[in-house]
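What's in input_25.cif: mmCIF, C-alpha atoms
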data_final
#
loop_
_atom_site.label_atom_id
_atom_site.label_comp_id
_atom_site.auth_asym_id
_atom_site.auth_seq_id
_atom_site.Cartn_x
_atom_site.Cartn_y
_atom_site.Cartn_z
CA MET A 1 2.23 -3.00 -33.03
CA TYR A 2 1.40 -3.91 -29.47
CA SER A 3 0.06 -7.31 -30.33
CA ILE A 4 2.47 -9.29 -28.16
CA PHE A 5 1.55 -7.22 -25.13
CA PHE A 6 -2.14 -7.73 -25.79
CA GLU A 7 -1.69 -11.44 -26.40
CA ASP A 8 0.07 -11.75 -23.05
CA LEU A 9 -2.90 -10.05 -21.42
CA ILE A 10 -5.31 -12.42 -23.13
CA THR A 11 -3.35 -15.48 -22.04
CA ARG A 12 -3.56 -14.21 -18.48
CA GLY A 13 -7.31 -14.24 -18.75
CA HIS A 14 -8.33 -10.72 -19.62
CA ASN A 15 -11.07 -10.04 -22.13
CA LEU A 16 -9.97 -7.20 -24.38
CA HIS A 17 -12.03 -4.59 -26.22
CA TYR A 18 -10.14 -2.25 -28.53
CA PHE A 19 -11.15 1.33 -29.24
CA GLN A 20 -9.73 4.17 -31.23
CA SER A 21 -9.81 7.43 -29.34
CA ASP A 22 -12.34 8.96 -31.70
CA ALA A 23 -14.64 5.96 -31.67
CA GLU A 24 -18.22 6.88 -31.13
CA ASP A 25 -19.02 3.80 -29.10
CA LEU A 26 -16.25 4.43 -26.57
CA ILE A 27 -18.07 4.75 -23.28
CA LEU A 28 -17.10 3.60 -19.82
CA LYS A 29 -20.46 3.36 -18.13
CA ARG A 30 -23.81 2.20 -19.24
CA PHE A 31 -26.82 2.92 -17.04
CA GLY A 32 -24.53 3.63 -14.13
CA ASP A 33 -22.47 0.44 -14.27
CA TYR A 34 -18.93 0.32 -15.50
CA LEU A 35 -18.41 -1.88 -18.51
CA TYR A 36 -14.73 -2.53 -17.95
CA ASP A 37 -12.46 -3.41 -15.03
CA ASN A 38 -9.14 -2.18 -16.34
CA ILE A 39 -8.07 0.30 -19.00
CA VAL A 40 -4.89 0.37 -21.03
CA PHE A 41 -4.51 3.90 -22.39
CA LEU A 42 -1.96 3.99 -25.20
CA ALA A 43 -2.98 7.23 -26.90
CA PRO A 44 -1.20 10.15 -25.32
CA SER A 45 -1.76 12.60 -28.13
CA VAL A 46 -5.54 12.45 -27.90
CA GLU A 47 -7.26 15.70 -27.02
CA ARG A 48 -10.87 14.78 -26.71
CA PHE A 49 -13.21 11.87 -27.00
CA HIS A 50 -16.67 11.65 -28.49
CA GLU A 51 -18.81 10.65 -25.58
CA ILE A 52 -16.53 10.86 -22.54
CA SER A 53 -13.88 13.11 -21.10
CA PHE A 54 -10.68 12.70 -19.13
CA ASP A 55 -12.61 13.30 -15.91
CA ASP A 56 -14.51 10.11 -16.60
CA PHE A 57 -11.24 8.23 -16.50
CA VAL A 58 -10.41 9.79 -13.14
CA GLU A 59 -13.82 8.71 -11.84
CA PHE A 60 -13.07 5.25 -13.19
CA VAL A 61 -9.99 5.05 -11.01
CA LYS A 62 -11.83 6.51 -8.03
CA SER A 63 -14.34 3.71 -8.30
CA GLY A 64 -11.57 1.21 -7.62
CA ARG A 65 -10.67 0.13 -11.11
CA ASN A 66 -7.18 0.13 -12.59
CA LEU A 67 -5.51 2.10 -15.34
CA LEU A 68 -2.28 1.75 -17.26
CA LEU A 69 -1.27 4.75 -19.27
CA ALA A 70 1.68 5.55 -21.48
CA ALA A 71 2.96 8.93 -22.50
CA ASP A 72 5.38 10.05 -25.12
CA LYS A 73 6.96 13.19 -26.49
CA ASN A 74 3.91 14.27 -28.45
CA MET A 75 1.37 14.14 -25.69
CA SER A 76 -1.43 16.66 -25.72
CA ASP A 77 -1.94 19.25 -23.02
CA GLU A 78 -5.17 17.63 -21.93
CA PHE A 79 -3.31 14.38 -21.42
CA ARG A 80 -0.64 16.18 -19.42
CA GLU A 81 -3.29 17.60 -17.08
CA PHE A 82 -4.95 14.22 -16.86
CA VAL A 83 -1.73 12.60 -15.68
CA ALA A 84 -1.11 15.47 -13.27
CA SER A 85 -4.30 14.56 -11.47
CA PHE A 86 -2.54 11.34 -10.45
CA GLY A 87 0.41 13.25 -9.06
CA ALA A 88 2.92 12.72 -11.86
CA SER A 89 4.03 15.85 -13.61
CA PHE A 90 5.51 15.84 -17.06
CA ASP A 91 7.35 18.98 -18.01
CA ARG A 92 5.79 21.52 -20.33
CA THR A 93 7.91 21.01 -23.43
CA GLY A 94 8.20 17.40 -24.49
CA MET A 95 11.71 16.36 -23.67
CA ASP A 96 13.32 13.02 -24.20
CA VAL A 97 15.40 11.24 -21.67
CA ILE A 98 18.90 10.83 -23.02
CA ASP A 99 21.59 8.49 -21.91
CA HIS A 100 24.94 8.45 -23.66
CA PHE A 101 26.35 5.54 -21.71
CA GLU A 102 23.63 2.94 -21.75
CA ARG A 103 22.45 3.84 -25.19
CA GLU A 104 21.21 1.39 -27.74
CA ILE A 105 22.83 2.08 -31.07
CA GLY A 106 20.95 -0.38 -33.24
CA ALA A 107 19.61 1.39 -36.26
CA ASP A 108 16.06 0.12 -36.27
CA VAL A 109 15.02 1.47 -32.90
CA ARG A 110 15.97 5.08 -33.54
CA MET B 1 27.31 27.23 -9.39
CA GLY B 2 28.43 30.78 -8.75
CA SER B 3 31.29 30.44 -11.18
CA PHE B 4 29.04 29.16 -13.90
CA ASP B 5 29.30 31.86 -16.52
CA PHE B 6 27.91 32.27 -19.97
CA LEU B 7 31.00 31.06 -21.78
CA SER B 8 31.17 27.73 -20.05
CA TYR B 9 27.43 27.41 -20.54
CA CYS B 10 27.92 27.78 -24.28
CA PHE B 11 30.78 25.30 -24.20
CA ILE B 12 28.71 22.67 -22.43
CA LEU B 13 25.84 23.24 -24.83
CA LEU B 14 28.22 22.74 -27.75
CA PHE B 15 29.59 19.59 -26.16
CA VAL B 16 26.09 18.24 -25.70
CA ASN B 17 25.22 19.01 -29.28
CA LEU B 18 28.31 17.23 -30.52
CA CYS B 19 27.33 14.06 -28.70
CA SER B 20 24.66 12.31 -30.55
CA LEU B 21 21.32 13.76 -29.62
CA GLN B 22 19.83 10.63 -31.01
CA ASP B 23 20.77 8.65 -27.93
CA THR B 24 17.17 8.76 -26.84
CA VAL B 25 16.86 5.00 -26.81
CA PHE B 26 18.64 3.41 -23.92
CA TRP B 27 18.65 0.55 -21.48
CA ALA B 28 17.12 1.31 -18.12
CA LYS B 29 18.74 -0.75 -15.42
CA HIS B 30 17.38 0.60 -12.17
CA GLY B 31 14.05 -0.43 -10.82
CA VAL B 32 12.15 -0.84 -7.61
CA ASN B 33 13.25 -3.56 -5.22
CA SER B 34 9.96 -5.33 -4.95
CA SER B 35 9.19 -8.81 -6.13
CA VAL B 36 5.48 -8.11 -5.94
CA ILE B 37 5.65 -5.56 -8.71
CA LEU B 38 8.55 -6.87 -10.74
CA ASP B 39 8.11 -10.61 -10.25
CA GLU B 40 11.08 -12.47 -11.72
CA LEU B 41 12.89 -9.35 -12.86
CA ASN B 42 13.38 -8.13 -9.30
CA GLY B 43 17.07 -7.49 -8.83
CA LYS B 44 17.89 -8.66 -12.34
CA LEU B 45 17.35 -5.45 -14.23
CA SER B 46 21.06 -4.85 -14.60
CA VAL B 47 21.45 -8.11 -16.50
CA ASN B 48 18.13 -8.00 -18.26
CA PRO B 49 17.48 -4.30 -18.78
CA VAL B 50 14.44 -2.62 -20.25
CA LEU B 51 14.70 -0.70 -23.51
CA PHE B 52 13.21 2.76 -23.11
CA LYS B 53 12.50 5.64 -25.42
CA GLY B 54 10.39 8.49 -24.18
CA VAL B 55 9.83 11.12 -21.56
CA ALA B 56 10.25 11.14 -17.83
CA HIS B 57 8.00 12.47 -15.13
CA LYS B 58 8.37 13.72 -11.64
CA LEU B 59 6.36 12.47 -8.70
CA SER B 60 5.75 15.09 -6.04
CA SER B 61 7.64 14.30 -2.87
CA ASP B 62 4.58 14.41 -0.64
CA ASN B 63 2.80 11.81 -2.74
CA VAL B 64 2.93 8.83 -0.41
CA LEU B 65 0.79 6.64 -2.61
CA ALA B 66 3.12 6.66 -5.61
CA VAL B 67 6.03 4.30 -6.02
CA PRO B 68 8.50 4.69 -8.88
CA ILE B 69 9.01 1.39 -10.66
CA LEU B 70 11.71 2.25 -13.18
CA TRP B 71 13.95 5.24 -13.03
CA GLY B 72 16.88 6.58 -14.97
CA ASN B 73 20.43 5.40 -14.76
CA PRO B 74 22.94 7.70 -13.09
CA SER B 75 24.12 8.59 -16.58
CA SER B 76 20.76 9.62 -18.00
CA TYR B 77 19.39 13.11 -18.03
CA ILE B 78 16.60 15.13 -19.52
CA ARG B 79 17.67 17.42 -22.34
CA SER B 80 16.70 20.71 -20.82
CA VAL B 81 18.72 23.73 -19.93
CA SER B 82 16.12 25.42 -17.78
CA ASN B 83 15.57 22.76 -15.13
CA SER B 84 18.19 20.69 -13.43
CA VAL B 85 16.93 17.22 -12.90
CA GLU B 86 18.59 14.42 -11.02
CA THR B 87 17.94 10.88 -12.01
CA LYS B 88 16.53 9.75 -8.71
CA THR B 89 13.64 12.19 -8.46
CA ILE B 90 12.44 11.59 -11.98
CA SER B 91 11.03 8.27 -12.94
CA LEU B 92 10.35 6.57 -16.21
CA VAL B 93 7.61 4.21 -15.09
CA SER B 94 5.80 4.69 -11.82
CA SER B 95 2.83 3.30 -10.03
CA LEU B 96 0.17 4.71 -7.82
CA GLN B 97 -2.08 2.75 -5.51
CA GLY B 98 -5.01 4.73 -4.18
CA ARG B 99 -6.60 4.36 -0.80
CA ASN B 100 -9.38 2.41 -2.46
CA ASN B 101 -6.67 0.05 -3.71
CA ALA B 102 -7.11 1.11 -7.33
CA ARG B 103 -3.83 0.96 -9.23
CA VAL B 104 -2.55 3.30 -11.91
CA ILE B 105 0.63 2.71 -13.86
CA ILE B 106 2.15 5.71 -15.59
CA SER B 107 4.75 5.02 -18.20
CA GLY B 108 6.80 7.63 -20.00
CA SER B 109 7.26 5.56 -23.09
CA LEU B 110 4.76 4.19 -25.55
CA ASP B 111 7.45 2.20 -27.33
CA LEU B 112 8.19 0.26 -24.16
CA PHE B 113 5.11 -1.83 -24.98
CA SER B 114 5.69 -2.21 -28.68
CA ASN B 115 6.47 -5.46 -30.46
CA LYS B 116 9.69 -4.00 -31.79
CA PHE B 117 11.05 -3.40 -28.31
CA PHE B 118 9.78 -6.74 -27.02
CA ASN B 119 11.71 -8.65 -29.64
CA TYR B 120 14.76 -6.46 -29.73
CA ARG B 121 18.18 -7.94 -29.16
CA ALA B 122 20.87 -5.71 -27.68
CA THR B 123 23.65 -4.99 -30.15
CA ALA B 124 26.26 -5.23 -27.44
CA THR B 125 25.35 -8.54 -25.84
CA ASN B 126 22.79 -9.95 -28.28
CA GLU B 127 20.42 -10.65 -25.42
CA ILE B 128 16.77 -10.05 -25.76
CA SER B 129 15.38 -7.06 -23.94
CA GLY B 130 13.56 -7.47 -20.65
CA ASN B 131 10.61 -5.50 -21.95
CA ARG B 132 8.22 -8.40 -22.32
CA LYS B 133 8.83 -9.69 -18.83
CA PHE B 134 8.75 -6.18 -17.42
CA CYS B 135 5.45 -5.32 -19.09
CA SER B 136 3.77 -8.54 -18.13
CA ALA B 137 4.94 -8.26 -14.51
CA VAL B 138 3.98 -4.62 -14.19
CA SER B 139 0.64 -5.04 -15.92
CA ALA B 140 -0.15 -8.10 -13.79
CA TRP B 141 0.45 -5.98 -10.73
CA GLY B 142 -1.48 -3.08 -12.18
CA PHE B 143 -4.54 -5.12 -13.05
CA ARG B 144 -4.72 -6.62 -9.57
CA GLU B 145 -3.56 -10.11 -10.38
CA THR B 146 -0.78 -10.03 -7.79
CA GLY B 147 -0.12 -8.20 -4.58
CA ILE B 148 -3.61 -8.45 -3.13
CA LEU B 149 -3.93 -9.24 0.55
CA ARG B 150 -6.95 -10.20 2.58
CA PHE B 151 -7.48 -11.13 6.20
CA ARG B 152 -9.96 -13.32 7.98
CA ASN B 153 -10.55 -15.17 11.23
CA ILE B 154 -9.75 -12.47 13.71
CA THR B 155 -9.93 -14.05 17.14
CA HIS B 156 -8.91 -12.76 20.53
CA HIS B 157 -9.07 -14.38 23.93
CA LYS B 158 -7.12 -14.66 27.15
CA VAL B 159 -3.98 -16.76 27.20
CA ASP B 160 -5.66 -19.68 28.94
CA GLY B 161 -8.28 -19.80 26.21
CA THR B 162 -11.22 -18.25 28.02
CA PRO B 163 -13.14 -15.74 25.95
CA PRO B 164 -13.80 -12.22 27.20
CA ASP B 165 -16.91 -11.45 29.24
CA VAL B 166 -19.92 -10.06 27.46
CA ILE B 167 -21.80 -7.19 29.08
CA LEU B 168 -24.70 -4.96 28.09
CA HIS B 169 -26.72 -7.74 26.56
CA GLU B 170 -29.69 -6.83 24.43
CA LYS B 171 -32.66 -6.96 26.71
CA GLU B 172 -36.21 -7.37 25.58
CA ARG B 173 -38.58 -5.14 27.50
CA PRO B 174 -41.98 -6.34 26.37
CA ASP B 175 -43.77 -4.45 29.10
CA LEU B 176 -42.69 -1.06 27.83
CA PRO B 177 -44.60 0.58 24.99
CA VAL B 178 -42.93 0.85 21.62
CA THR B 179 -41.19 4.20 21.52
CA LEU B 180 -39.69 6.38 18.88
CA TYR B 181 -36.89 7.20 21.32
CA PRO B 182 -35.14 3.92 22.05
CA ASP B 183 -32.30 3.32 24.46
CA PRO B 184 -29.30 5.58 24.16
CA GLU B 185 -26.59 4.33 21.89
CA ILE B 186 -24.60 1.93 23.98
CA THR B 187 -22.41 -0.64 22.34
CA ARG B 188 -24.42 -3.76 23.01
CA ASN B 189 -22.69 -7.06 23.70
CA SER B 190 -19.39 -5.45 24.59
CA LEU B 191 -16.48 -7.80 25.07
CA VAL B 192 -14.65 -6.99 28.26
CA TYR B 193 -11.18 -7.82 29.46
CA ARG B 194 -9.65 -6.76 32.76
CA ILE B 195 -6.47 -4.76 33.23
CA LYS B 196 -3.36 -6.90 33.51
CA ASP B 197 -5.01 -9.74 31.60
CA GLU B 198 -2.80 -11.56 29.10
CA ILE B 199 -4.53 -11.31 25.76
CA VAL B 200 -3.83 -13.29 22.59
CA TYR B 201 -4.86 -11.88 19.20
CA SER B 202 -4.68 -13.90 16.02
CA MET B 203 -5.48 -13.28 12.40
CA VAL B 204 -5.03 -15.15 9.12
CA VAL B 205 -3.66 -13.19 6.15
CA GLU B 206 -3.67 -14.48 2.61
CA GLU B 207 -2.13 -13.24 -0.60
CA TYR B 208 -3.57 -13.63 -4.07
CA ASN B 209 -1.12 -15.04 -6.56
CA ASN B 210 -2.03 -16.26 -10.01
CA GLY B 211 -5.56 -17.18 -9.17
CA VAL B 212 -5.07 -18.78 -5.77
CA TRP B 213 -5.05 -17.40 -2.28
CA LEU B 214 -1.82 -18.48 -0.61
CA PRO B 215 -0.83 -17.87 3.00
CA PHE B 216 1.12 -14.68 3.45
CA SER B 217 4.17 -14.51 5.64
CA THR B 218 6.14 -11.53 6.81
CA ASN B 219 8.03 -10.42 9.88
CA ASP B 220 6.85 -6.90 10.19
CA MET B 221 3.13 -6.91 10.73
CA GLN B 222 2.31 -5.06 13.94
CA LEU B 223 -0.68 -5.13 16.20
CA GLU B 224 -1.60 -1.93 18.03
CA PHE B 225 -3.86 -1.74 21.04
CA VAL B 226 -5.32 1.71 20.75
CA MET B 227 -7.37 4.06 22.86
CA LEU B 228 -6.84 7.40 21.06
CA ASP B 229 -3.14 6.50 20.99
CA PRO B 230 -1.58 3.08 20.84
CA HIS B 231 -0.89 1.82 24.33
CA VAL B 232 0.71 -1.41 23.20
CA ARG B 233 2.46 -2.15 19.91
CA LYS B 234 3.59 -5.67 19.25
CA THR B 235 5.06 -7.35 16.20
CA MET B 236 3.06 -10.40 15.31
CA ASN B 237 4.63 -13.81 14.95
CA CYS B 238 3.81 -15.69 11.83
CA ASP B 239 3.58 -19.42 11.36
CA ASN B 240 3.78 -20.88 7.92
CA ASN B 241 0.05 -21.05 7.38
CA GLY B 242 -0.48 -17.32 7.29
CA LYS B 243 -1.63 -17.13 10.90
CA PHE B 244 -0.31 -14.12 12.78
CA ILE B 245 -0.39 -14.22 16.59
CA ALA B 246 0.50 -11.63 19.19
CA THR B 247 0.36 -11.93 22.98
CA PHE B 248 0.52 -9.00 25.34
CA VAL B 249 -0.62 -7.82 28.74
CA ALA B 250 -3.54 -5.40 28.89
CA PRO B 251 -2.34 -1.98 30.00
CA ASP B 252 -3.33 -0.37 33.27
CA ASN B 253 -5.55 2.19 31.59
CA TYR B 254 -9.14 1.08 31.33
CA GLY B 255 -11.63 2.16 28.73
CA ILE B 256 -12.65 1.29 25.20
CA PHE B 257 -9.72 0.00 23.16
CA LYS B 258 -9.42 -1.45 19.74
CA PHE B 259 -7.05 -3.97 18.24
CA ARG B 260 -5.71 -2.33 15.12
CA VAL B 261 -3.65 -3.91 12.37
CA LEU B 262 -2.68 -1.37 9.73
CA TYR B 263 -0.33 -2.85 7.18
CA ARG B 264 0.74 -0.62 4.31
CA ARG B 265 3.60 -1.74 2.11
CA ALA B 266 4.65 -0.75 -1.36
CA GLY B 267 3.03 -3.03 -3.88
CA TYR B 268 0.45 -4.59 -1.58
CA THR B 269 -3.10 -3.57 -0.84
CA VAL B 270 -3.78 -2.09 2.55
CA ILE B 271 -4.82 -4.28 5.47
CA HIS B 272 -6.77 -2.34 8.05
CA ALA B 273 -8.52 -4.41 10.69
CA GLU B 274 -10.06 -2.91 13.82
CA THR B 275 -11.83 -4.83 16.57
CA GLN B 276 -13.24 -3.05 19.59
CA VAL B 277 -13.04 -4.35 23.17
CA SER B 278 -13.38 -2.79 26.60
CA ILE B 279 -10.94 -3.01 29.49
CA ARG B 280 -12.32 -2.80 33.01
CA PRO B 281 -10.53 -2.14 36.30
CA PHE B 282 -10.25 -4.70 39.09
CA LYS B 283 -13.40 -5.65 40.91
CA HIS B 284 -13.17 -5.26 44.68
CA ASN B 285 -12.57 -8.97 45.16
CA GLU B 286 -9.87 -9.25 42.51
CA TYR B 287 -7.16 -7.46 44.39
CA GLU B 288 -4.40 -9.49 46.01
CA ARG B 289 -5.38 -10.91 49.32
CA PHE B 290 -2.33 -9.76 51.25
CA ILE B 291 -0.49 -6.70 50.08
CA LEU B 292 3.22 -6.56 50.78
CA SER B 293 3.23 -2.88 51.62
CA ALA B 294 0.49 -3.43 54.22
CA PHE B 295 2.59 -5.85 56.27
CA PRO B 296 3.48 -3.22 58.88
CA TYR B 297 -0.24 -2.65 59.43
CA TYR B 298 -0.93 -6.39 59.67
CA ALA B 299 1.98 -6.59 62.11
CA SER B 300 0.65 -3.69 64.14
CA ALA B 301 -2.89 -5.12 64.34
CA PHE B 302 -1.76 -8.60 65.31
CA SER B 303 0.80 -7.29 67.75
CA ALA B 304 -1.88 -5.20 69.39
CA ILE B 305 -4.07 -8.31 69.75
CA ILE B 306 -1.25 -10.46 71.11
CA GLY B 307 -0.05 -7.69 73.36
CA PHE B 308 -3.49 -7.24 74.81
CA PHE B 309 -3.76 -10.98 75.41
CA ILE B 310 -0.40 -11.16 77.16
CA PHE B 311 -1.21 -8.11 79.22
CA ALA B 312 -4.51 -9.63 80.26
CA LEU B 313 -2.77 -12.84 81.33
CA LEU B 314 -0.12 -10.97 83.24
CA PHE B 315 -2.67 -8.74 84.88
CA LEU B 316 -4.96 -11.52 85.94
CA PHE B 317 -2.52 -14.22 86.95
CA SER B 318 0.35 -12.48 88.57
CA SER B 319 0.10 -11.86 92.22
#
Please re-express this file's structure in structure tokens.
Amino acid sequence: MYSIFFEDLITRGHNLHYFQSDAEDLILKRFGDYLYDNIVFLAPSVERFHEISFDDFVEFVKSGRNLLLAADKNMSDEFREFVASFGASFDRTGMDVIDHFEREIGADVR
Amino acid sequence: MGSFDFLSYCFILLFVNLCSLQDTVFWAKHGVNSSVILDELNGKLSVNPVLFKGVAHKLSSDNVLAVPILWGNPSSYIRSVSNSVETKTISLVSSLQGRNNARVIISGSLDLFSNKFFNYRATATNEISGNRKFCSAVSAWGFRETGILRFRNITHHKVDGTPPDVILHEKERPDLPVTLYPDPEITRNSLVYRIKDEIVYSMVVEEYNNGVWLPFSTNDMQLEFVMLDPHVRKTMNCDNNGKFIATFVAPDNYGIFKFRVLYRRAGYTVIHAETQVSIRPFKHNEYERFILSAFPYYASAFSAIIGFFIFALLFLFSS
């Protein structure tokens, strides 16, 4: 579903590893060294991971590495707090952004 | 807002419910004016908008490290009756660059990245959405492929090319015993200029773009000459090879100064270069030889000498 985005990243030279949020081998550090330089976080409804926590992602950014994260209406509370530690606050109840004037009325994106 | 009563509140709520609440997918046309972050889409979002479906977030106003990248149109709003939100303070996609130059991109929509939105053609104009270009530009910025600056070759010298003096050289004292209490902490090999010297400072700045370091050019990089507070602040001139040069006269205060270049711009990494020098006062033989305000005293001394001489002549040779 995000294959074009990932292919663009690969053509720009990144080496991608894919993980589900409940994967048991999802770790960021091994023996004190980070395994990855950048993280694309496309799972906003995740509440917990097997081996790591959201604080590990904050430490990842503090070490100088980069993060891209996406939220949506069904994000979990833990994810909301995680994003708040970067200074962006999503409101409590998941609310869409609505625009009646610039709307896209095609049926297959609803 | 004082005349906002319950009846009109109900009416507006009914009106909102009659409009399609399914207008959650829309074209976002307003983005940050920065070609570092947005690459070729900078300024073109109104013709090549980004299809968005999701939530919006608010960046706190004292967060100086965060830059909104994409925000709502003037006609978009968040469906909430408890908070009033304006479209400028909420953003759909925003970026954060920490002081360690780590970058975080926060997007309110997961569908922004999906294949469906990448390939979607607008029903009104049948043009493809700008999502693919937007995501590749923003992710290139976010993963530190663009917008990285570095500096090198900091040199400073007097205008005629002579380097500053060096004082407090390291001195070997082989006759003294080895001690656990060495010399007090003096900055060894200090570079010294004199007050009212004309000093030239130059630095080369490069920008990383698609794998190569290219010379950076801008008109607003400033050099500060600082001793607790900046005494001199000068905008540096840039030639086309990324070399930035500033020339100024050393201020009349003497002490330990530093050349400081602190360049913080949205979308670029921070350049912070500090070089320490000392400024000394005039030595006793560096003052002007004849001081204009001392001319009365010169005149009085010489007139006393000449007067004495004339008096002596008159006294001796007049009968």
Please report as a PyMOL selection string which residues of chain A come no farther than 7 Å from chain B, using all atoms listed in the file.
chain A and resi 1-5+8+38+42+61+64-73+87-90+95-104+106+110
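For the set A:Phe6, A:Tyr36, A:Phe49, A:Phe41, the residue with the smallest atom-to-atom gap to Glu24 (chain A) is A:Phe49, counting all atoms listed in the file.
Going from CA of Leu168 (chain B) over to CA of Leu191 (chain B), you cover 9.2 Å.
Compared by their closest atoms to Ala84 (chain A), and using only C-alpha atoms, the residues A:Ile105, A:Ser63, A:Leu16, A:Phe54 rank with A:Phe54 nearest.
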What's around region 148-160 of chain B at 7 Å? Count only C-alpha atoms, leave out sequence neighbours fewer than 2 positions away in its own chain, and write the answer as number ranges by chain.
B: 144, 146, 162-164, 197-208, 268-269, 271
Skipping near chain neighbours, those fewer than 5 positions away, what residues fall within 9 Å of Asp220 (chain B) using only C-alpha atoms, listed as a PyMOL selection string?
chain B and resi 235-237+263
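The interatomic distance for the pair CA of Gly130 (chain B) and CA of Asp39 (chain B) works out to 12.2 Å.
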Some atoms are missing, so please complete region 67-78 of chain A with N, CA, C and O atoms and return it as a PDB file, in the frame of the given file.
ATOM      1  N   LEU A  67      -5.802   1.371 -14.106  1.00  0.00           N
ATOM      2  CA  LEU A  67      -5.510   2.100 -15.340  1.00  0.00           C
ATOM      3  C   LEU A  67      -4.031   1.956 -15.626  1.00  0.00           C
ATOM      4  O   LEU A  67      -3.212   2.016 -14.720  1.00  0.00           O
ATOM      5  N   LEU A  68      -3.688   1.752 -16.868  1.00  0.00           N
ATOM      6  CA  LEU A  68      -2.280   1.750 -17.260  1.00  0.00           C
ATOM      7  C   LEU A  68      -2.177   2.778 -18.360  1.00  0.00           C
ATOM      8  O   LEU A  68      -2.883   2.675 -19.356  1.00  0.00           O
ATOM      9  N   LEU A  69      -1.344   3.786 -18.193  1.00  0.00           N
ATOM     10  CA  LEU A  69      -1.270   4.750 -19.270  1.00  0.00           C
ATOM     11  C   LEU A  69       0.177   5.015 -19.668  1.00  0.00           C
ATOM     12  O   LEU A  69       1.088   4.909 -18.848  1.00  0.00           O
ATOM     13  N   ALA A  70       0.348   5.328 -20.930  1.00  0.00           N
ATOM     14  CA  ALA A  70       1.680   5.550 -21.480  1.00  0.00           C
ATOM     15  C   ALA A  70       1.718   6.911 -22.132  1.00  0.00           C
ATOM     16  O   ALA A  70       0.769   7.311 -22.803  1.00  0.00           O
ATOM     17  N   ALA A  71       2.817   7.608 -21.935  1.00  0.00           N
ATOM     18  CA  ALA A  71       2.960   8.930 -22.500  1.00  0.00           C
ATOM     19  C   ALA A  71       4.104   8.903 -23.494  1.00  0.00           C
ATOM     20  O   ALA A  71       4.921   7.997 -23.480  1.00  0.00           O
ATOM     21  N   ASP A  72       4.159   9.898 -24.355  1.00  0.00           N
ATOM     22  CA  ASP A  72       5.380  10.050 -25.120  1.00  0.00           C
ATOM     23  C   ASP A  72       5.586  11.519 -25.447  1.00  0.00           C
ATOM     24  O   ASP A  72       4.877  12.370 -24.939  1.00  0.00           O
ATOM     25  N   LYS A  73       6.543  11.800 -26.300  1.00  0.00           N
ATOM     26  CA  LYS A  73       6.960  13.190 -26.490  1.00  0.00           C
ATOM     27  C   LYS A  73       5.831  14.057 -27.010  1.00  0.00           C
ATOM     28  O   LYS A  73       5.731  15.228 -26.737  1.00  0.00           O
ATOM     29  N   ASN A  74       4.940  13.461 -27.793  1.00  0.00           N
ATOM     30  CA  ASN A  74       3.910  14.270 -28.450  1.00  0.00           C
ATOM     31  C   ASN A  74       2.598  14.252 -27.704  1.00  0.00           C
ATOM     32  O   ASN A  74       1.549  14.237 -28.322  1.00  0.00           O
ATOM     33  N   MET A  75       2.654  14.237 -26.376  1.00  0.00           N
ATOM     34  CA  MET A  75       1.370  14.140 -25.690  1.00  0.00           C
ATOM     35  C   MET A  75       0.657  15.489 -25.702  1.00  0.00           C
ATOM     36  O   MET A  75       1.274  16.547 -25.730  1.00  0.00           O
ATOM     37  N   SER A  76      -0.646  15.426 -25.658  1.00  0.00           N
ATOM     38  CA  SER A  76      -1.430  16.660 -25.720  1.00  0.00           C
ATOM     39  C   SER A  76      -1.467  17.293 -24.329  1.00  0.00           C
ATOM     40  O   SER A  76      -1.172  16.669 -23.319  1.00  0.00           O
ATOM     41  N   ASP A  77      -1.869  18.548 -24.308  1.00  0.00           N
ATOM     42  CA  ASP A  77      -1.940  19.250 -23.020  1.00  0.00           C
ATOM     43  C   ASP A  77      -3.015  18.668 -22.119  1.00  0.00           C
ATOM     44  O   ASP A  77      -2.861  18.627 -20.896  1.00  0.00           O
ATOM     45  N   GLU A  78      -4.106  18.221 -22.754  1.00  0.00           N
ATOM     46  CA  GLU A  78      -5.170  17.630 -21.930  1.00  0.00           C
ATOM     47  C   GLU A  78      -4.671  16.357 -21.266  1.00  0.00           C
ATOM     48  O   GLU A  78      -5.000  16.071 -20.110  1.00  0.00           O
TER      49      GLU A  78
END
